[in-house]
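Participant: Below: one structure in structure tokens.
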Amino acid sequence: MELERYLMTAEMLAPGGGELIRTPVEVRFDPLTGHTTRILPERGLMPSGDFDLAAFARENQTHCPFCPGRIDELTPRLPPAIHAAGHITRGEAILFPNLHAYASHSSVSVYSPRLHYLPLAAITEQLLADNLATQVSFADAVMAADPDASWASINANHMLPAGSSLFHPHLQGIVDAHPTTLQRLLAAVPAERFAAYLETERSAGERYLGDTGRIEWLASFAPIAPAELRAFIAGIASPAELDDELTRELAHGISLGLGAYAEMGFESFNLALYGAPPGTAGYRLNLRLAARSNLKPFYRSDSTFLERLHWEGAVDLSPELVAERIGERFRS
Ligand SMILES: [Zn+2]
């Protein structure tokens with residue numbers, strides 16, 4: 001497979017009428033969905049923050065509905081047809097319906113009621129595996145109760161810049177009769193194209209991070225968002241099909257990525273595990289993990305008119321550099 005890209009050059013005179021400045025802008029096509037992304041020269045678009053997140057956490061904890069003592073009273077319960085106990089627990093993780101639903105079946109799962117403040121480096125494989133497992137059970141239970149709802153995804157808005165309206169760290173699940181735009185586009189990708197993309201990245205090596213067993217990880221060729229990583233699981237189409245072993249393996253990979261983000265100075269991320277209906281032949285359950293701007297007063301959002309209104313990525317962290325910074329963790 002040829003990874004499509006082209007180069008543009010912007011020319012201008014330096015301020016004050018000085019010398020000619022030439023700026024390269026590389027445009028890349030996503031090998032699966034065809035969306036385009038601009039890879040910009042590094043210009044500090046994602047500065048690390050000096051904001052005191054721990055102090056902000058203490059400030060907003062006093063009225064947090066997901067903290068111990070409030071979570072039982074202030075969160076809704078799953079209807080009996082989905083789950084008799086009203087919420088799904090695994091380890092310290094607790095899943096309940098999203099009070100502000102985004103779908104016919106919309107869930108929130110906290111890593112733990114006691115973890116109101118959870119920096120990226122502290123999101124362990126165990127916390128992730130337990131939290132993901134609640135989402136897998138949720139998808140499974142919804143599909144059993146509502147067979148039309150076959151499109152499941154597991155997602156995260158971690159911290160406010162990523163879109164989280166509640167500070168307390170959590171995952172979100174959506175199970176619906178209809179796909180989101182990206183689920184629809186990804187489900188239309190032929191099986192051979194998934195295989196060719198991974199084969200190309202394996203042999204190119206510069207963005208391929210490695211496999212953790214049954215899951216392959218790479219830095220996105222055409223990232224939608226900063227420091228974007230992708231993971232692919234062959235033979236599985238839906239989160240509902242993840243067994244405990246694969247869930248743990250996925251948690252392991254995500255924790256490696258988040259550990260690297262923490263080291264790179266990031267505190268906020270988005271995650272989406274894009275499911276197709278269970279049993280969809282040739283589909284590979286796949287995930288995007290991306291860093292978001294750091295929280296601080298008057299911070300710059302990394303989501304601009306390009307991402308929001310043109311559906312065009314624009315990042316100043318080259319995918320190859322991201323792979324170089326993160327790859328070591330997957331190889332060791
Ligand atoms: Zn809390």
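Labeling convention for the structure tokens: chains A, B, ... as they appear, residues from 1 per chain, ligands from 1 in order of appearance.
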Which residues are near stretch 148-155 of chain A? Cut-off 8 Å, only C-alpha atoms, ignore same chain within fewer than 2 positions. Put them as a PyMOL selection string.
Facilitator: chain A and resi 132+135+139+142-143+146+157+171-179+238-240+270-278
Participant: May I have the residues from that selection written out with C-alpha atoms, as an mmCIF file, in the first residue's frame?
Facilitator:
```
data_model
loop_
_atom_site.group_PDB
_atom_site.id
_atom_site.type_symbol
_atom_site.label_atom_id
_atom_site.label_comp_id
_atom_site.auth_asym_id
_atom_site.auth_seq_id
_atom_site.Cartn_x
_atom_site.Cartn_y
_atom_site.Cartn_z
ATOM 1 C CA LEU A 132 -12.819 -1.336 30.473
ATOM 2 C CA GLN A 135 -17.853 -1.204 29.665
ATOM 3 C CA ALA A 139 -22.126 -3.480 25.846
ATOM 4 C CA VAL A 142 -27.333 -3.921 26.284
ATOM 5 C CA MET A 143 -26.985 -6.095 23.183
ATOM 6 C CA ASP A 146 -31.830 -4.679 22.866
ATOM 7 C CA ASN A 157 -12.814 12.638 27.676
ATOM 8 C CA LEU A 171 -14.814 6.338 30.629
ATOM 9 C CA GLN A 172 -17.985 6.612 28.580
ATOM 10 C CA GLY A 173 -19.803 3.947 26.631
ATOM 11 C CA ILE A 174 -22.237 4.276 23.771
ATOM 12 C CA VAL A 175 -24.309 1.386 22.462
ATOM 13 C CA ASP A 176 -26.744 2.244 19.719
ATOM 14 C CA ALA A 177 -28.698 0.930 16.754
ATOM 15 C CA HIS A 178 -26.759 3.323 14.507
ATOM 16 C CA PRO A 179 -23.041 4.038 14.091
ATOM 17 C CA SER A 238 -17.039 -5.187 18.901
ATOM 18 C CA PRO A 239 -16.007 -4.268 22.446
ATOM 19 C CA ALA A 240 -18.690 -6.766 23.515
ATOM 20 C CA ASN A 270 -9.410 11.438 24.340
ATOM 21 C CA LEU A 271 -9.901 7.793 23.564
ATOM 22 C CA ALA A 272 -12.305 5.986 21.247
ATOM 23 C CA LEU A 273 -12.569 2.236 20.752
ATOM 24 C CA TYR A 274 -14.651 1.992 17.588
ATOM 25 C CA GLY A 275 -16.874 -1.089 17.525
ATOM 26 C CA ALA A 276 -18.787 -2.506 14.578
ATOM 27 C CA PRO A 277 -21.625 -5.010 15.102
ATOM 28 C CA PRO A 278 -20.335 -8.251 16.716
#
```
Participant: Where does DSSP see strand (DSSP E or B) in stretch 26-112 of chain A, if you list the residues as an mmCIF file with N, CA and C atoms, in the first residue's frame?
Facilitator:
```cif
data_model
loop_
_atom_site.group_PDB
_atom_site.id
_atom_site.type_symbol
_atom_site.label_atom_id
_atom_site.label_comp_id
_atom_site.auth_asym_id
_atom_site.auth_seq_id
_atom_site.Cartn_x
_atom_site.Cartn_y
_atom_site.Cartn_z
ATOM 1 N N GLU A 26 2.998 19.410 5.179
ATOM 2 C CA GLU A 26 2.767 18.121 4.531
ATOM 3 C C GLU A 26 1.327 17.685 4.760
ATOM 4 N N VAL A 27 0.654 17.294 3.693
ATOM 5 C CA VAL A 27 -0.720 16.810 3.812
ATOM 6 C C VAL A 27 -0.714 15.293 3.629
ATOM 7 N N ARG A 28 -1.317 14.593 4.582
ATOM 8 C CA ARG A 28 -1.347 13.126 4.533
ATOM 9 C C ARG A 28 -2.781 12.611 4.500
ATOM 10 N N PHE A 29 -2.984 11.535 3.801
ATOM 11 C CA PHE A 29 -4.300 10.886 3.722
ATOM 12 C C PHE A 29 -4.341 9.705 4.678
ATOM 13 N N THR A 36 -7.913 13.860 5.518
ATOM 14 C CA THR A 36 -6.575 14.438 5.397
ATOM 15 C C THR A 36 -6.164 15.202 6.654
ATOM 16 N N THR A 37 -4.851 15.312 6.808
ATOM 17 C CA THR A 37 -4.254 15.942 7.985
ATOM 18 C C THR A 37 -3.046 16.750 7.556
ATOM 19 N N ARG A 38 -2.833 17.878 8.196
ATOM 20 C CA ARG A 38 -1.645 18.694 7.924
ATOM 21 C C ARG A 38 -0.602 18.466 9.009
ATOM 22 N N ILE A 39 0.584 18.095 8.566
ATOM 23 C CA ILE A 39 1.696 17.939 9.509
ATOM 24 C C ILE A 39 2.533 19.212 9.407
ATOM 25 N N ILE A 88 -22.827 -1.634 37.247
ATOM 26 C CA ILE A 88 -21.899 -2.739 36.977
ATOM 27 C C ILE A 88 -20.573 -2.410 37.644
ATOM 28 N N THR A 89 -20.071 -3.330 38.443
ATOM 29 C CA THR A 89 -18.805 -3.065 39.125
ATOM 30 C C THR A 89 -17.760 -4.110 38.744
ATOM 31 N N ARG A 90 -16.516 -3.688 38.769
ATOM 32 C CA ARG A 90 -15.371 -4.600 38.580
ATOM 33 C C ARG A 90 -14.194 -3.955 39.304
ATOM 34 N N ALA A 93 -13.928 -0.124 39.871
ATOM 35 C CA ALA A 93 -14.680 0.620 38.848
ATOM 36 C C ALA A 93 -16.187 0.421 39.007
ATOM 37 N N ILE A 94 -16.930 1.484 38.751
ATOM 38 C CA ILE A 94 -18.401 1.425 38.811
ATOM 39 C C ILE A 94 -18.974 2.082 37.562
ATOM 40 N N LEU A 95 -19.890 1.367 36.898
ATOM 41 C CA LEU A 95 -20.553 1.894 35.698
ATOM 42 C C LEU A 95 -22.027 2.151 35.990
ATOM 43 N N PHE A 96 -22.542 3.265 35.486
ATOM 44 C CA PHE A 96 -23.950 3.625 35.638
ATOM 45 C C PHE A 96 -24.362 4.391 34.385
ATOM 46 N N PRO A 97 -25.659 4.621 34.174
ATOM 47 C CA PRO A 97 -26.062 5.359 32.970
ATOM 48 C C PRO A 97 -25.558 6.798 33.017
ATOM 49 N N HIS A 105 -28.272 4.091 24.612
ATOM 50 C CA HIS A 105 -27.632 3.462 25.780
ATOM 51 C C HIS A 105 -26.291 4.151 25.981
ATOM 52 N N SER A 106 -26.222 4.967 27.023
ATOM 53 C CA SER A 106 -25.081 5.847 27.221
ATOM 54 C C SER A 106 -24.613 5.663 28.661
ATOM 55 N N SER A 107 -23.345 5.295 28.840
ATOM 56 C CA SER A 107 -22.892 4.993 30.200
ATOM 57 C C SER A 107 -21.682 5.831 30.610
ATOM 58 N N VAL A 108 -21.493 5.904 31.917
ATOM 59 C CA VAL A 108 -20.300 6.513 32.506
ATOM 60 C C VAL A 108 -19.717 5.471 33.449
ATOM 61 N N SER A 109 -18.400 5.304 33.433
ATOM 62 C CA SER A 109 -17.790 4.393 34.410
ATOM 63 C C SER A 109 -16.564 5.062 35.016
ATOM 64 N N VAL A 110 -16.601 5.219 36.335
ATOM 65 C CA VAL A 110 -15.458 5.834 37.026
ATOM 66 C C VAL A 110 -14.415 4.755 37.317
#
```
Participant: Could you pull out the residues sitting within 6 Å of ligand 1, using only C-alpha atoms and all ligand atoms, and write them as a ChimeraX atom specification?
Facilitator: /A:61,64,66-67,116,168
Participant: Please give the complete set of residues from stretch 164-302 of chain A that DSSP, run on the backbone, assigns to helix (DSSP H, G or I), formatted as a PyMOL selection string.
Facilitator: chain A and resi 181-187+191-204+239-241+244-263
Participant: What does the file look like for those residues with N, CA and C atoms, as a compact mmCIF listing (two decimals), in the first residue's frame?
Facilitator:
```txt
# COMPACT_ATOMS: atom_id res chain seq x y z
N THR A 181 -20.34 8.73 12.86
CA THR A 181 -19.74 8.95 11.54
C THR A 181 -18.48 8.10 11.35
N LEU A 182 -17.58 8.14 12.32
CA LEU A 182 -16.32 7.39 12.18
C LEU A 182 -16.56 5.88 12.20
N GLN A 183 -17.49 5.43 13.03
CA GLN A 183 -17.81 3.99 13.03
C GLN A 183 -18.32 3.57 11.65
N ARG A 184 -19.16 4.42 11.05
CA ARG A 184 -19.70 4.11 9.72
C ARG A 184 -18.58 4.05 8.68
N LEU A 185 -17.68 5.04 8.72
CA LEU A 185 -16.59 5.08 7.74
C LEU A 185 -15.63 3.89 7.93
N LEU A 186 -15.34 3.58 9.19
CA LEU A 186 -14.40 2.47 9.45
C LEU A 186 -15.01 1.12 9.08
N ALA A 187 -16.32 0.98 9.33
CA ALA A 187 -16.97 -0.30 9.01
C ALA A 187 -17.03 -0.53 7.51
N ALA A 191 -11.66 -5.52 4.45
CA ALA A 191 -10.72 -6.27 5.30
C ALA A 191 -9.29 -6.16 4.77
N GLU A 192 -9.14 -6.24 3.43
CA GLU A 192 -7.79 -6.22 2.85
C GLU A 192 -7.08 -4.90 3.13
N ARG A 193 -7.88 -3.83 3.27
CA ARG A 193 -7.27 -2.52 3.47
C ARG A 193 -6.68 -2.41 4.89
N PHE A 194 -7.41 -2.94 5.87
CA PHE A 194 -6.86 -3.00 7.24
C PHE A 194 -5.53 -3.77 7.21
N ALA A 195 -5.56 -4.93 6.54
CA ALA A 195 -4.38 -5.79 6.51
C ALA A 195 -3.22 -5.10 5.81
N ALA A 196 -3.52 -4.43 4.67
CA ALA A 196 -2.46 -3.78 3.89
C ALA A 196 -1.85 -2.61 4.67
N TYR A 197 -2.71 -1.86 5.37
CA TYR A 197 -2.22 -0.73 6.17
C TYR A 197 -1.24 -1.22 7.24
N LEU A 198 -1.65 -2.26 7.96
CA LEU A 198 -0.79 -2.76 9.03
C LEU A 198 0.50 -3.36 8.47
N GLU A 199 0.37 -4.05 7.35
CA GLU A 199 1.55 -4.64 6.73
C GLU A 199 2.53 -3.54 6.30
N THR A 200 1.99 -2.48 5.70
CA THR A 200 2.82 -1.35 5.28
C THR A 200 3.54 -0.72 6.47
N GLU A 201 2.81 -0.52 7.56
CA GLU A 201 3.41 0.11 8.74
C GLU A 201 4.44 -0.81 9.40
N ARG A 202 4.13 -2.11 9.43
CA ARG A 202 5.10 -3.07 9.99
C ARG A 202 6.41 -3.00 9.24
N SER A 203 6.34 -2.97 7.91
CA SER A 203 7.60 -3.00 7.16
C SER A 203 8.28 -1.63 7.12
N ALA A 204 7.49 -0.54 7.16
CA ALA A 204 8.11 0.79 7.20
C ALA A 204 8.81 1.00 8.55
N PRO A 239 -16.48 -4.19 21.06
CA PRO A 239 -16.01 -4.27 22.45
C PRO A 239 -16.70 -5.40 23.21
N ALA A 240 -17.95 -5.71 22.82
CA ALA A 240 -18.69 -6.77 23.52
C ALA A 240 -18.02 -8.12 23.36
N GLU A 241 -17.13 -8.25 22.37
CA GLU A 241 -16.46 -9.54 22.13
C GLU A 241 -15.12 -9.66 22.86
N ASP A 244 -11.64 -11.35 29.02
CA ASP A 244 -10.84 -10.73 30.08
C ASP A 244 -9.38 -10.57 29.69
N GLU A 245 -8.85 -11.56 28.99
CA GLU A 245 -7.43 -11.53 28.62
C GLU A 245 -7.14 -10.40 27.63
N LEU A 246 -8.01 -10.26 26.63
CA LEU A 246 -7.82 -9.19 25.65
C LEU A 246 -8.06 -7.81 26.27
N THR A 247 -9.03 -7.75 27.18
CA THR A 247 -9.30 -6.49 27.87
C THR A 247 -8.06 -6.04 28.64
N ARG A 248 -7.42 -7.01 29.31
CA ARG A 248 -6.22 -6.70 30.07
C ARG A 248 -5.08 -6.27 29.14
N GLU A 249 -4.98 -6.95 28.00
CA GLU A 249 -3.93 -6.60 27.03
C GLU A 249 -4.15 -5.18 26.49
N LEU A 250 -5.41 -4.87 26.22
CA LEU A 250 -5.74 -3.53 25.73
C LEU A 250 -5.40 -2.48 26.80
N ALA A 251 -5.75 -2.81 28.05
CA ALA A 251 -5.45 -1.90 29.17
C ALA A 251 -3.94 -1.69 29.28
N HIS A 252 -3.19 -2.75 29.07
CA HIS A 252 -1.73 -2.67 29.14
C HIS A 252 -1.21 -1.65 28.10
N GLY A 253 -1.66 -1.80 26.85
CA GLY A 253 -1.23 -0.90 25.79
C GLY A 253 -1.63 0.55 26.06
N ILE A 254 -2.87 0.75 26.50
CA ILE A 254 -3.34 2.12 26.78
C ILE A 254 -2.49 2.73 27.90
N SER A 255 -2.19 1.92 28.92
CA SER A 255 -1.40 2.48 30.04
C SER A 255 0.02 2.83 29.58
N LEU A 256 0.57 2.08 28.63
CA LEU A 256 1.88 2.44 28.08
C LEU A 256 1.80 3.79 27.36
N GLY A 257 0.76 3.96 26.56
CA GLY A 257 0.56 5.21 25.84
C GLY A 257 0.37 6.38 26.79
N LEU A 258 -0.46 6.19 27.82
CA LEU A 258 -0.73 7.28 28.76
C LEU A 258 0.50 7.62 29.59
N GLY A 259 1.30 6.60 29.92
CA GLY A 259 2.55 6.85 30.64
C GLY A 259 3.48 7.72 29.80
N ALA A 260 3.52 7.44 28.50
CA ALA A 260 4.36 8.24 27.60
C ALA A 260 3.81 9.67 27.49
N TYR A 261 2.48 9.79 27.39
CA TYR A 261 1.89 11.14 27.34
C TYR A 261 2.29 11.93 28.59
N ALA A 262 2.20 11.28 29.75
CA ALA A 262 2.55 11.96 31.01
C ALA A 262 3.99 12.47 30.94
N GLU A 263 4.86 11.62 30.43
CA GLU A 263 6.27 11.99 30.31
C GLU A 263 6.46 13.15 29.32
```
Participant: With a distance cut-off of 7 Å and only C-alpha atoms, select the neighbouring residues of A:Leu127, excluding the residue or stretch itself and same-chain residues fewer than 4 positions from it, and output the selection as a PDB file with N, CA and C atoms, in the first residue's frame.
Facilitator:
```pdb
ATOM      1  N   TYR A 111     -13.139   5.147  37.296  1.00  0.00           N
ATOM      2  CA  TYR A 111     -12.068   4.188  37.622  1.00  0.00           C
ATOM      3  C   TYR A 111     -12.232   3.728  39.075  1.00  0.00           C
ATOM      4  N   ILE A 123      -2.716   6.173  35.975  1.00  0.00           N
ATOM      5  CA  ILE A 123      -3.770   5.299  35.417  1.00  0.00           C
ATOM      6  C   ILE A 123      -3.118   3.955  35.104  1.00  0.00           C
ATOM      7  N   ASN A 131     -11.924  -0.898  34.582  1.00  0.00           N
ATOM      8  CA  ASN A 131     -12.890   0.054  34.037  1.00  0.00           C
ATOM      9  C   ASN A 131     -13.365  -0.391  32.641  1.00  0.00           C
TER      10      ASN A 131
END
```
Participant: Would you mind listing what lies within 12 Å of A:Ser303 as a short mmCIF file (atom, residue, chain, number, x, y, z; two decimals) with N, CA and C atoms, in the first residue's frame, with only C-alpha atoms counted and same-chain residues fewer than 2 positions away left out?
Facilitator:
```
data_model
loop_
_atom_site.label_atom_id
_atom_site.label_comp_id
_atom_site.auth_asym_id
_atom_site.auth_seq_id
_atom_site.Cartn_x
_atom_site.Cartn_y
_atom_site.Cartn_z
N LEU A 45 2.61 24.09 19.71
CA LEU A 45 1.16 24.21 19.84
C LEU A 45 0.61 23.48 21.07
N MET A 46 1.41 22.60 21.64
CA MET A 46 0.93 21.83 22.80
C MET A 46 1.88 22.03 23.99
N PRO A 161 -10.14 19.96 29.01
CA PRO A 161 -9.82 20.28 27.61
C PRO A 161 -10.26 19.18 26.63
N ALA A 162 -10.42 17.95 27.14
CA ALA A 162 -10.84 16.84 26.28
C ALA A 162 -12.36 16.79 26.14
N GLY A 163 -13.08 17.63 26.89
CA GLY A 163 -14.53 17.67 26.75
C GLY A 163 -15.27 17.15 27.96
N ILE A 224 -5.67 12.70 13.55
CA ILE A 224 -6.73 13.71 13.69
C ILE A 224 -6.35 14.65 14.83
N ALA A 225 -5.64 14.11 15.82
CA ALA A 225 -5.36 14.87 17.05
C ALA A 225 -3.90 14.64 17.47
N PRO A 226 -3.39 15.50 18.36
CA PRO A 226 -1.97 15.43 18.73
C PRO A 226 -1.54 14.09 19.35
N ALA A 290 -5.47 10.01 21.87
CA ALA A 290 -4.79 11.25 21.48
C ALA A 290 -4.70 12.20 22.66
N ALA A 291 -3.62 12.97 22.68
CA ALA A 291 -3.43 13.96 23.74
C ALA A 291 -4.24 15.22 23.41
N ARG A 292 -4.61 15.96 24.45
CA ARG A 292 -5.30 17.23 24.29
C ARG A 292 -4.53 18.32 25.02
N SER A 293 -4.90 19.56 24.74
CA SER A 293 -4.22 20.70 25.36
C SER A 293 -4.21 20.57 26.88
N TYR A 299 -5.95 28.95 28.05
CA TYR A 299 -5.20 27.96 27.26
C TYR A 299 -5.68 27.97 25.82
N ARG A 300 -4.79 27.48 24.93
CA ARG A 300 -5.17 27.36 23.53
C ARG A 300 -5.77 25.98 23.30
N SER A 301 -6.96 25.93 22.74
CA SER A 301 -7.56 24.64 22.38
C SER A 301 -6.80 24.07 21.20
N PHE A 305 -10.74 25.55 13.72
CA PHE A 305 -11.69 25.47 12.60
C PHE A 305 -11.35 24.30 11.69
N LEU A 306 -10.07 23.95 11.63
CA LEU A 306 -9.69 22.83 10.76
C LEU A 306 -10.32 21.52 11.24
N GLU A 307 -10.10 21.19 12.51
CA GLU A 307 -10.64 19.92 13.02
C GLU A 307 -12.16 19.93 13.11
N ARG A 308 -12.70 21.03 13.65
CA ARG A 308 -14.14 21.05 13.92
C ARG A 308 -14.97 21.26 12.66
N LEU A 309 -14.54 22.17 11.79
CA LEU A 309 -15.42 22.54 10.68
C LEU A 309 -14.96 22.03 9.31
N HIS A 310 -13.66 21.69 9.21
CA HIS A 310 -13.18 21.11 7.94
C HIS A 310 -12.94 19.61 8.05
N TRP A 311 -13.05 19.04 9.27
CA TRP A 311 -12.72 17.63 9.52
C TRP A 311 -11.32 17.32 9.01
N GLU A 312 -10.40 18.24 9.26
CA GLU A 312 -9.02 18.13 8.79
C GLU A 312 -8.11 18.20 10.02
N GLY A 313 -7.24 17.20 10.18
CA GLY A 313 -6.30 17.25 11.29
C GLY A 313 -5.22 18.29 11.03
N ALA A 314 -4.61 18.81 12.08
CA ALA A 314 -3.45 19.71 11.94
C ALA A 314 -2.64 19.58 13.22
N VAL A 315 -1.47 19.01 13.10
CA VAL A 315 -0.63 18.78 14.30
C VAL A 315 0.79 19.23 14.02
#
```
Participant: Please determine, counting only C-alpha atoms, which residue among A:Phe330, A:Leu32, A:Ser164, A:Leu289 has the shortest atom-to-atom distance to A:Gly213.
Facilitator: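 Using only C-alpha atoms, the shortest distance to A:Gly213 belongs to A:Phe330.
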Participant: Quick one: residues within 10 Å of A:Leu295, only C-alpha atoms, excluding same-chain residues fewer than 5 positions away - as a PyMOL selection string?
Facilitator: chain A and resi 48-53+159-162+266-268+300-301
Participant: Just the selected residues (N, CA and C atoms), exported as a PDB file, in the first residue's frame, please.
Facilitator:
```pdb
ATOM      1  N   SER A  48       3.480  22.330  27.665  1.00  0.00           N
ATOM      2  CA  SER A  48       3.145  21.675  28.925  1.00  0.00           C
ATOM      3  C   SER A  48       2.639  22.748  29.878  1.00  0.00           C
ATOM      4  N   GLY A  49       1.819  22.331  30.834  1.00  0.00           N
ATOM      5  CA  GLY A  49       1.132  23.315  31.676  1.00  0.00           C
ATOM      6  C   GLY A  49       1.813  23.502  33.015  1.00  0.00           C
ATOM      7  N   ASP A  50       1.610  24.670  33.620  1.00  0.00           N
ATOM      8  CA  ASP A  50       2.089  24.845  34.982  1.00  0.00           C
ATOM      9  C   ASP A  50       0.888  24.993  35.920  1.00  0.00           C
ATOM     10  N   PHE A  51      -0.282  24.638  35.391  1.00  0.00           N
ATOM     11  CA  PHE A  51      -1.527  24.733  36.158  1.00  0.00           C
ATOM     12  C   PHE A  51      -1.513  23.695  37.276  1.00  0.00           C
ATOM     13  N   ASP A  52      -1.974  24.085  38.474  1.00  0.00           N
ATOM     14  CA  ASP A  52      -1.978  23.158  39.609  1.00  0.00           C
ATOM     15  C   ASP A  52      -3.271  22.329  39.582  1.00  0.00           C
ATOM     16  N   LEU A  53      -3.201  21.215  38.845  1.00  0.00           N
ATOM     17  CA  LEU A  53      -4.370  20.364  38.652  1.00  0.00           C
ATOM     18  C   LEU A  53      -4.828  19.743  39.976  1.00  0.00           C
ATOM     19  N   MET A 159     -10.248  14.956  31.527  1.00  0.00           N
ATOM     20  CA  MET A 159     -10.024  16.344  31.919  1.00  0.00           C
ATOM     21  C   MET A 159     -10.757  17.307  30.984  1.00  0.00           C
ATOM     22  N   LEU A 160     -10.969  18.520  31.479  1.00  0.00           N
ATOM     23  CA  LEU A 160     -11.829  19.470  30.773  1.00  0.00           C
ATOM     24  C   LEU A 160     -11.437  19.776  29.329  1.00  0.00           C
ATOM     25  N   PRO A 161     -10.138  19.960  29.015  1.00  0.00           N
ATOM     26  CA  PRO A 161      -9.816  20.277  27.612  1.00  0.00           C
ATOM     27  C   PRO A 161     -10.262  19.176  26.633  1.00  0.00           C
ATOM     28  N   ALA A 162     -10.424  17.946  27.144  1.00  0.00           N
ATOM     29  CA  ALA A 162     -10.842  16.842  26.281  1.00  0.00           C
ATOM     30  C   ALA A 162     -12.361  16.787  26.137  1.00  0.00           C
ATOM     31  N   PHE A 266       1.722  15.885  28.980  1.00  0.00           N
ATOM     32  CA  PHE A 266       0.286  16.004  28.730  1.00  0.00           C
ATOM     33  C   PHE A 266      -0.526  15.535  29.938  1.00  0.00           C
ATOM     34  N   GLU A 267      -1.690  16.178  30.133  1.00  0.00           N
ATOM     35  CA  GLU A 267      -2.547  15.829  31.273  1.00  0.00           C
ATOM     36  C   GLU A 267      -3.970  15.481  30.863  1.00  0.00           C
ATOM     37  N   SER A 268      -4.244  15.586  29.568  1.00  0.00           N
ATOM     38  CA  SER A 268      -5.617  15.407  29.099  1.00  0.00           C
ATOM     39  C   SER A 268      -5.595  14.551  27.834  1.00  0.00           C
ATOM     40  N   ARG A 300      -4.785  27.481  24.929  1.00  0.00           N
ATOM     41  CA  ARG A 300      -5.166  27.362  23.530  1.00  0.00           C
ATOM     42  C   ARG A 300      -5.768  25.982  23.300  1.00  0.00           C
ATOM     43  N   SER A 301      -6.959  25.929  22.736  1.00  0.00           N
ATOM     44  CA  SER A 301      -7.556  24.642  22.385  1.00  0.00           C
ATOM     45  C   SER A 301      -6.800  24.069  21.197  1.00  0.00           C
TER      46      SER A 301
END
```
Participant: Of the candidates A:Ala129, A:His158, A:Leu118, A:Ala81, which one gets nearest to A:Ala145 if we count only C-alpha atoms?
Facilitator: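 Counting only C-alpha atoms, the residue closest to A:Ala145 is A:Ala81.
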